[in-house]
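Everything below belongs to input_31.cif, which stores mmCIF, C-alpha atoms.
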data_upload
loop_
_atom_site.label_atom_id
_atom_site.label_comp_id
_atom_site.auth_asym_id
_atom_site.auth_seq_id
_atom_site.Cartn_x
_atom_site.Cartn_y
_atom_site.Cartn_z
CA MET R 1286 -0.03 15.06 29.43
CA SER R 1287 -3.66 15.50 30.23
CA THR R 1288 -5.84 12.44 30.75
CA LYS R 1289 -8.96 14.23 29.53
CA THR R 1290 -10.53 13.08 26.30
CA LYS R 1291 -10.73 15.59 23.48
CA ASN R 1292 -14.36 14.86 22.65
CA PRO R 1293 -16.11 13.54 25.75
CA LEU R 1294 -19.34 11.60 25.39
CA PHE R 1295 -22.30 12.80 27.47
CA VAL R 1296 -25.61 11.14 28.30
CA VAL R 1297 -28.72 13.22 28.97
CA THR R 1298 -31.38 11.61 31.17
CA ASN R 1299 -34.53 12.64 33.07
CA ASP R 1300 -35.87 14.82 30.24
CA GLY R 1301 -32.71 16.89 30.13
CA GLN R 1302 -32.38 17.37 33.88
CA ASP R 1303 -29.27 15.22 34.33
CA VAL R 1304 -26.12 15.14 32.21
CA GLU R 1305 -23.41 12.53 32.86
CA GLN R 1306 -20.12 11.88 31.09
CA ALA R 1307 -19.75 8.39 29.64
CA SER R 1308 -16.44 6.61 29.16
CA GLY R 1309 -17.53 4.89 25.93
CA LEU R 1310 -20.45 3.75 23.82
CA PHE R 1311 -21.31 0.80 26.06
CA ASP R 1312 -21.17 3.04 29.15
CA ALA R 1313 -23.43 5.56 27.39
CA PHE R 1314 -25.87 2.77 26.46
CA VAL R 1315 -25.99 1.53 30.06
CA LYS R 1316 -26.45 5.02 31.50
CA LYS R 1317 -29.10 6.02 28.96
CA LEU R 1318 -31.19 2.95 29.74
CA GLY R 1319 -30.57 3.19 33.50
CA LEU R 1320 -28.98 -0.24 33.76
CA GLU R 1321 -26.33 0.63 36.39
CA PRO R 1322 -28.23 -1.00 39.31
CA LEU R 1323 -28.79 -4.16 37.27
CA LEU R 1324 -25.09 -4.39 36.40
CA GLU R 1325 -24.13 -3.89 40.05
CA ILE R 1326 -26.41 -6.77 41.09
CA PHE R 1327 -25.04 -8.98 38.30
CA ASP R 1328 -21.49 -8.12 39.40
CA GLU R 1329 -22.24 -9.09 43.01
CA ILE R 1330 -23.84 -12.38 41.93
CA LEU R 1331 -20.87 -13.14 39.69
CA GLU R 1332 -18.42 -12.44 42.53
CA GLN R 1333 -20.31 -14.88 44.79
CA ILE R 1334 -20.32 -17.57 42.09
CA ILE R 1335 -16.60 -17.12 41.41
CA ALA R 1336 -15.85 -17.33 45.14
CA ALA R 1337 -17.73 -20.65 45.25
CA CYS R 1338 -15.68 -22.17 42.39
CA SER R 1339 -13.41 -24.72 43.99
CA ASN R 1340 -12.30 -26.86 41.05
CA TYR R 1341 -11.62 -26.75 37.33
CA ALA R 1342 -14.95 -28.34 36.34
CA MET R 1343 -16.89 -25.55 38.07
CA ILE R 1344 -14.75 -22.95 36.32
CA GLU R 1345 -15.50 -24.57 32.93
CA VAL R 1346 -19.24 -24.47 33.65
CA LEU R 1347 -18.98 -20.83 34.73
CA SER R 1348 -17.03 -19.99 31.59
CA ALA R 1349 -19.63 -21.64 29.34
CA TRP R 1350 -22.42 -19.81 31.18
CA LEU R 1351 -20.67 -16.44 30.77
CA GLU R 1352 -20.12 -17.15 27.06
CA GLN R 1353 -23.86 -17.80 26.66
CA ILE R 1354 -24.70 -14.53 28.41
CA THR R 1355 -22.17 -12.63 26.29
CA GLU R 1356 -23.52 -14.12 23.05
CA GLY R 1357 -27.08 -13.28 24.09
CA LEU R 1358 -26.18 -9.67 24.85
CA GLU R 1359 -24.23 -9.40 21.62
CA ASN R 1360 -27.21 -10.68 19.61
CA LEU R 1361 -29.56 -8.32 21.45
CA ILE R 1362 -27.36 -5.31 20.68
CA LYS R 1363 -27.07 -6.43 17.04
CA MET R 1364 -30.88 -6.51 16.79
CA ILE R 1365 -31.34 -3.12 18.48
CA ASP R 1366 -28.59 -1.18 16.74
CA PRO R 1367 -26.37 -2.90 14.14
CA LEU R 1368 -24.07 0.12 13.84
CA LEU R 1369 -23.44 0.21 17.59
CA ALA R 1370 -22.83 -3.55 17.55
CA PHE R 1371 -20.25 -3.16 14.79
CA GLN R 1372 -18.47 -0.42 16.75
CA LEU R 1373 -18.46 -2.48 19.95
CA PHE R 1374 -17.61 -5.91 18.59
CA LYS R 1375 -15.80 -5.10 15.28
CA ARG R 1376 -17.52 -7.99 13.47
#
What is this structure when it is put down as structure tokens?
Amino acid sequence: MSTKTKNPLFVVTNDGQDVEQASGLFDAFVKKLGLEPLLEIFDEILEQIIAACSNYAMIEVLSAWLEQITEGLENLIKMIDPLLAFQLFKR
């Protein structure tokens, strides 16, 4: 079986100069807005914070913080594009 998708999603950037394949709607959103560097930085920061967690209380605080970030992003996407939010979050 082929692992290619039947209808791939593409993102056009730089006034039509660059075309990239996206793996999903969220990936297309990130690529279209050029948020890849920001997500890489956030990922590195998160890895450092997780490495510093040494007990259960710190993990609970980290979990609550990540839930706040997730809720904020979810609300932002709902404000920008309700249809996209419904497709991403199914609620």
Exactly which residues make up the result of the PyMOL selection byres ((chain R and resi 1307-1310) around 9) on this file, given as a list in words?
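Those residues are Pro1293, Leu1294, Phe1295, Val1296, Glu1305, Gln1306, Phe1311, Asp1312, Ala1313, Phe1314, Val1315, Lys1316, Leu1369, Gln1372 and Leu1373 of chain R.
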Tell me which protein, DNA and RNA residues are within 12 Å of Ser1348 of chain R, counting only C-alpha atoms, leaving out same-chain ones fewer than 6 positions away, and put them as a list in words.
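That gives Leu1331, Ile1334, Ile1335, Cys1338, Tyr1341, Ala1342, Ile1354 and Thr1355 of chain R.
The space between atom CA of Leu1318 of chain R and atom CA of Leu1347 of chain R spans 27.2 Å.
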For the PyMOL selection byres ((chain R and resi 1370) around 12), applied here, can you spell out every residue it catches as number ranges by chain?
R: 1310-1311, 1314, 1356, 1358-1369, 1371-1376
Using all atoms of segment 1321-1328 of chain R listed in the file and a margin of 8 Å per side, can you give the axis-aligned box centre and edge lengths in Å to one decimal, as lines of an AutoDock Vina configuration file?
center_x = -25.1
center_y = -4.2
center_z = 38.7
size_x = 23.3
size_y = 25.6
size_z = 20.7
Please report the interatomic distance between atom CA of Ala1337 of chain R and atom CA of Leu1324 of chain R in Å with one decimal.
19.9 Å
Find the distance between atom CA of Glu1329 of chain R and atom CA of Ile1344 of chain R and write it in Å to one decimal.
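Computing it gives 17.1 Å between the two atoms.
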Repair of segment 1308-1323 of chain R at the level of N, CA and C atoms, as a short mmCIF file (atom, residue, chain, number, x, y, z; two decimals), in the frame of the given file:
data_model
loop_
_atom_site.label_atom_id
_atom_site.label_comp_id
_atom_site.auth_asym_id
_atom_site.auth_seq_id
_atom_site.Cartn_x
_atom_site.Cartn_y
_atom_site.Cartn_z
N SER R 1308 -17.80 6.95 29.54
CA SER R 1308 -16.44 6.61 29.16
C SER R 1308 -16.37 5.95 27.78
N GLY R 1309 -17.50 5.52 27.24
CA GLY R 1309 -17.53 4.89 25.93
C GLY R 1309 -18.95 4.63 25.50
N LEU R 1310 -19.11 3.99 24.35
CA LEU R 1310 -20.45 3.75 23.82
C LEU R 1310 -21.25 2.80 24.70
N PHE R 1311 -20.60 1.75 25.21
CA PHE R 1311 -21.31 0.80 26.06
C PHE R 1311 -21.73 1.48 27.36
N ASP R 1312 -20.85 2.30 27.93
CA ASP R 1312 -21.17 3.04 29.15
C ASP R 1312 -22.32 4.00 28.90
N ALA R 1313 -22.34 4.65 27.75
CA ALA R 1313 -23.43 5.56 27.39
C ALA R 1313 -24.74 4.79 27.25
N PHE R 1314 -24.69 3.63 26.63
CA PHE R 1314 -25.87 2.77 26.46
C PHE R 1314 -26.44 2.36 27.82
N VAL R 1315 -25.56 1.95 28.72
CA VAL R 1315 -25.99 1.53 30.06
C VAL R 1315 -26.60 2.70 30.83
N LYS R 1316 -25.95 3.86 30.77
CA LYS R 1316 -26.45 5.02 31.50
C LYS R 1316 -27.77 5.52 30.92
N LYS R 1317 -27.88 5.53 29.61
CA LYS R 1317 -29.10 6.02 28.96
C LYS R 1317 -30.30 5.17 29.32
N LEU R 1318 -30.10 3.85 29.41
CA LEU R 1318 -31.19 2.95 29.74
C LEU R 1318 -31.35 2.73 31.24
N GLY R 1319 -30.47 3.32 32.05
CA GLY R 1319 -30.57 3.19 33.50
C GLY R 1319 -30.28 1.80 34.01
N LEU R 1320 -29.29 1.14 33.41
CA LEU R 1320 -28.98 -0.24 33.76
C LEU R 1320 -27.89 -0.39 34.82
N GLU R 1321 -27.41 0.72 35.41
CA GLU R 1321 -26.33 0.63 36.39
C GLU R 1321 -26.70 -0.27 37.57
N PRO R 1322 -27.89 -0.13 38.18
CA PRO R 1322 -28.23 -1.00 39.31
C PRO R 1322 -28.25 -2.48 38.92
N LEU R 1323 -28.74 -2.78 37.73
CA LEU R 1323 -28.79 -4.16 37.27
C LEU R 1323 -27.38 -4.72 37.10
#
